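What follows is a short report on a single structure.
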Amino acid sequence: MLKLSQFQDVLECYHENIHPEQDVYYFFDEIQYAQDWDRWLKTIYDTQPDTRVAATGSASPSLMKGSRESSAGRWSVIQIPTLSFYEYCELLGLDRPDIPDNLKVTSLLHKTQIERTQIMLQPSKVQNHFMRYLQVGGFPELALADNDLLSQQIMREEVVDKVLKRDLPALYNIRNATELERIFLYLCNV
């Protein structure tokens with residue numbers, strides 16, 4: 001809706017037709033695509049002190065830039081990274097390799113050959129899962145999906161393509177997104 005209308009139009013429509021006299025919670029997803037989103041969040045914060053706003057977006061550089069320019073302590077930015085491999089294993093209920101947390105190369109010198117071999121074989125139990133983690137990324141929805149080919153397609157279309165072809169060019173005024181994609185592919189193949 002925010003692509004078609006201004007923030008103020010959406011908020012006025014909501015207050016006039018749904019809750020005319022109540023302060024509410026606003027939830028905005030992918031807010032970076034709305035024009036002047038940072039200015040409107042500042043306006044909501046300044047004019048509706050009892051209203052709470054949660055705004056999310058996948059283009060974190062754009063959000064960070066807008067929040068630095070307009071927020072001045074008005075809101076907090078919470079970055080949520082993708083799953084680590086350990087979190088991926090936890091999500092899928094995989095057993096963690098039984099490798100000592102405090103393992104150092106020097107401690108291997110004092111172990112028997114059998115103990116060193118057992119330690120070195122532990123990661124092989126999760127090697128296939130690690131390869132899948134690298135292919136589908138650390139996104140919970142994709143990690144839990146049954147179809148890896150579909151997950152890879154979603155990753156390519158929803159993440160890589162959107163970032164390379166829309167988010168980065170818009171944020172950094174890149175005129176030739178095709179060249180950016182070529183650089184990305186080159187770096188992936190190096």
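Labels used: A, B, ... for chains in the order of the structure tokens, numbers from 1 for residues in each chain, and numbers from 1 for ligands as shown.
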Taking 5 positions as the minimum chain separation for residues in the same chain, which residues sit within 7 Å of Tyr26 (chain A) when counting only C-alpha atoms? Answer as a CSV table (one decimal) with N, CA and C atoms, in the first residue's frame.
```csv
chain,number,residue,atom,x,y,z
A,52,ARG,N,2.9,2.9,19.0
A,52,ARG,CA,4.1,2.1,18.9
A,52,ARG,C,4.3,1.7,17.4
A,53,VAL,N,5.5,1.7,16.9
A,53,VAL,CA,5.7,1.3,15.5
A,53,VAL,C,6.8,0.3,15.5
A,54,ALA,N,6.6,-0.8,14.7
A,54,ALA,CA,7.6,-1.8,14.3
A,54,ALA,C,7.7,-1.7,12.8
```
Q) Leaving out region 178-182 of chain A and any residue of its chain fewer than 2 positions from it, which residues lie within 12 Å of it when counting only C-alpha atoms, given as a ChimeraX atom specification? A) /A:156,160-169,172-176,184-189
Next, write the just-selected residues to a file, as a JSON list (two decimals), in the first residue's frame, keeping N, CA and C atoms as the atom set.
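Wrote out_39.json, looks like this:
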```
[["chain", "number", "residue", "atom", "x", "y", "z"],
["A", 156, "ARG", "N", 18.08, -17.29, -4.98],
["A", 156, "ARG", "CA", 18.60, -16.53, -6.11],
["A", 156, "ARG", "C", 17.66, -15.38, -6.47],
["A", 160, "VAL", "N", 19.41, -12.66, -3.84],
["A", 160, "VAL", "CA", 20.50, -12.17, -4.67],
["A", 160, "VAL", "C", 19.98, -11.18, -5.72],
["A", 161, "ASP", "N", 18.97, -11.57, -6.49],
["A", 161, "ASP", "CA", 18.48, -10.69, -7.55],
["A", 161, "ASP", "C", 17.95, -9.37, -7.01],
["A", 162, "LYS", "N", 17.18, -9.43, -5.92],
["A", 162, "LYS", "CA", 16.62, -8.19, -5.38],
["A", 162, "LYS", "C", 17.73, -7.27, -4.85],
["A", 163, "VAL", "N", 18.70, -7.85, -4.19],
["A", 163, "VAL", "CA", 19.79, -7.04, -3.66],
["A", 163, "VAL", "C", 20.62, -6.45, -4.79],
["A", 164, "LEU", "N", 20.99, -7.29, -5.76],
["A", 164, "LEU", "CA", 21.85, -6.83, -6.85],
["A", 164, "LEU", "C", 21.14, -5.91, -7.84],
["A", 165, "LYS", "N", 19.89, -6.19, -8.11],
["A", 165, "LYS", "CA", 19.20, -5.45, -9.17],
["A", 165, "LYS", "C", 18.33, -4.31, -8.67],
["A", 166, "ARG", "N", 18.02, -4.32, -7.37],
["A", 166, "ARG", "CA", 17.12, -3.26, -6.89],
["A", 166, "ARG", "C", 17.72, -2.50, -5.72],
["A", 167, "ASP", "N", 18.07, -3.21, -4.64],
["A", 167, "ASP", "CA", 18.46, -2.53, -3.41],
["A", 167, "ASP", "C", 19.78, -1.76, -3.55],
["A", 168, "LEU", "N", 20.84, -2.43, -3.97],
["A", 168, "LEU", "CA", 22.13, -1.76, -4.09],
["A", 168, "LEU", "C", 22.12, -0.64, -5.14],
["A", 169, "PRO", "N", 21.55, -0.87, -6.34],
["A", 169, "PRO", "CA", 21.51, 0.25, -7.29],
["A", 169, "PRO", "C", 20.74, 1.46, -6.75],
["A", 172, "TYR", "N", 22.96, 3.12, -3.76],
["A", 172, "TYR", "CA", 24.25, 3.71, -4.11],
["A", 172, "TYR", "C", 24.27, 4.35, -5.50],
["A", 173, "ASN", "N", 23.10, 4.60, -6.06],
["A", 173, "ASN", "CA", 22.97, 5.24, -7.38],
["A", 173, "ASN", "C", 23.80, 4.53, -8.45],
["A", 174, "ILE", "N", 23.70, 3.22, -8.48],
["A", 174, "ILE", "CA", 24.42, 2.43, -9.48],
["A", 174, "ILE", "C", 23.57, 2.41, -10.74],
["A", 175, "ARG", "N", 24.14, 2.88, -11.82],
["A", 175, "ARG", "CA", 23.39, 2.98, -13.08],
["A", 175, "ARG", "C", 23.36, 1.68, -13.87],
["A", 176, "ASN", "N", 24.37, 0.85, -13.70],
["A", 176, "ASN", "CA", 24.45, -0.36, -14.51],
["A", 176, "ASN", "C", 24.43, -1.60, -13.61],
["A", 184, "PHE", "N", 29.61, -9.62, -9.26],
["A", 184, "PHE", "CA", 29.18, -10.58, -8.24],
["A", 184, "PHE", "C", 29.46, -12.02, -8.70],
["A", 185, "LEU", "N", 29.05, -12.33, -9.93],
["A", 185, "LEU", "CA", 29.27, -13.68, -10.46],
["A", 185, "LEU", "C", 30.76, -14.00, -10.57],
["A", 186, "TYR", "N", 31.54, -13.03, -10.96],
["A", 186, "TYR", "CA", 32.98, -13.24, -11.03],
["A", 186, "TYR", "C", 33.54, -13.58, -9.66],
["A", 187, "LEU", "N", 33.14, -12.81, -8.66],
["A", 187, "LEU", "CA", 33.62, -13.07, -7.28],
["A", 187, "LEU", "C", 33.17, -14.42, -6.77],
["A", 188, "CYS", "N", 31.98, -14.85, -7.16],
["A", 188, "CYS", "CA", 31.50, -16.17, -6.73],
["A", 188, "CYS", "C", 32.32, -17.29, -7.34],
["A", 189, "ASN", "N", 32.85, -17.07, -8.53],
["A", 189, "ASN", "CA", 33.59, -18.10, -9.23],
["A", 189, "ASN", "C", 35.10, -18.05, -9.00]]
```
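One distance worth recording is that between CA of Ile154 (chain A) and CA of Ser84 (chain A), which is 19.1 Å.
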Q: Could you tell me, as a list in words, which residues of chain A DSSP assigns to strand (DSSP E) when given the backbone?
A: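 In chain A, DSSP puts these residues in strand (DSSP E): Tyr25, Tyr26, Phe27, Phe28, Arg52, Val53, Ala54 and Ala55 of chain A.
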Write the residues of the selection above to a file with N, CA and C atoms, as a PDB file, in the first residue's frame.
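Resulting contents of selection-v5.pdb:
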```pdb
ATOM      1  N   TYR A  25      -0.863   0.189  17.321  1.00  0.00           N
ATOM      2  CA  TYR A  25       0.454  -0.315  16.939  1.00  0.00           C
ATOM      3  C   TYR A  25       0.495  -0.362  15.418  1.00  0.00           C
ATOM      4  N   TYR A  26       1.542   0.195  14.842  1.00  0.00           N
ATOM      5  CA  TYR A  26       1.732   0.127  13.399  1.00  0.00           C
ATOM      6  C   TYR A  26       2.838  -0.886  13.120  1.00  0.00           C
ATOM      7  N   PHE A  27       2.600  -1.735  12.137  1.00  0.00           N
ATOM      8  CA  PHE A  27       3.607  -2.686  11.678  1.00  0.00           C
ATOM      9  C   PHE A  27       3.812  -2.457  10.185  1.00  0.00           C
ATOM     10  N   PHE A  28       5.015  -2.070   9.819  1.00  0.00           N
ATOM     11  CA  PHE A  28       5.353  -1.833   8.418  1.00  0.00           C
ATOM     12  C   PHE A  28       6.439  -2.818   8.025  1.00  0.00           C
ATOM     13  N   ARG A  52       2.919   2.932  19.024  1.00  0.00           N
ATOM     14  CA  ARG A  52       4.140   2.124  18.874  1.00  0.00           C
ATOM     15  C   ARG A  52       4.261   1.687  17.424  1.00  0.00           C
ATOM     16  N   VAL A  53       5.490   1.684  16.907  1.00  0.00           N
ATOM     17  CA  VAL A  53       5.745   1.324  15.521  1.00  0.00           C
ATOM     18  C   VAL A  53       6.822   0.253  15.465  1.00  0.00           C
ATOM     19  N   ALA A  54       6.559  -0.767  14.666  1.00  0.00           N
ATOM     20  CA  ALA A  54       7.577  -1.767  14.339  1.00  0.00           C
ATOM     21  C   ALA A  54       7.710  -1.745  12.824  1.00  0.00           C
ATOM     22  N   ALA A  55       8.904  -1.469  12.357  1.00  0.00           N
ATOM     23  CA  ALA A  55       9.153  -1.400  10.922  1.00  0.00           C
ATOM     24  C   ALA A  55      10.293  -2.342  10.574  1.00  0.00           C
TER      25      ALA A  55
END
```
Q: Point out the residue among A:Ala145, A:Leu11, A:Val24, A:Ile114 with the least atom-to-atom distance to Trp40 (chain A), counting only C-alpha atoms.
A: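 Closest to Trp40 (chain A) of all the choices is A:Leu11.
Counting only C-alpha atoms and comparing A:Cys13, A:Val77, A:Ser107, A:Gln8, the residue that lies closest to Ile119 (chain A) is A:Ser107.
The shortest atom-to-atom distance to Leu91 (chain A), with only C-alpha atoms taken into account, belongs to A:Pro140 out of A:Trp75, A:Pro140, A:Thr56, A:Leu108.
The smallest atom-to-atom distance between Asp148 (chain A) and any of A:Tyr86, A:Tyr133, A:Phe7, A:Tyr33, using only C-alpha atoms, is found for A:Tyr133.
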Q. DSSP says alpha helix (DSSP H) for which residues of chain A? Put them as a ChimeraX atom specification?
A. /A:7-17,37-47,60-70,85-92,105-108,113-121,127-136,140-144,148-154,162,168-172,177-189
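Here CA of Leu134 (chain A) is placed at a distance of 28.4 Å from CA of Ile31 (chain A).
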Q: Could you tell me how far CA of Ser58 (chain A) lies from CA of Pro81 (chain A), in Å and to one decimal?
A: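 Here the two named atoms are 10.4 Å from each other.
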Q | Given only C-alpha atoms as the counted atoms, nearest of A:Asp46, A:Asp38, A:Asp146, A:Glu115 to Leu92 (chain A) | A |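 Checking each candidate against Leu92 (chain A), we get A:Asp146 as the closest.
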Q.
I'd like the neighbourhood of Met155 (chain A) as a ChimeraX atom specification, where a residue qualifies if any of its atoms comes within 9 Å (using only C-alpha atoms), though same-chain residues fewer than 3 positions away should be ignored.
A. /A:135-137,139,142,150-152,158-161
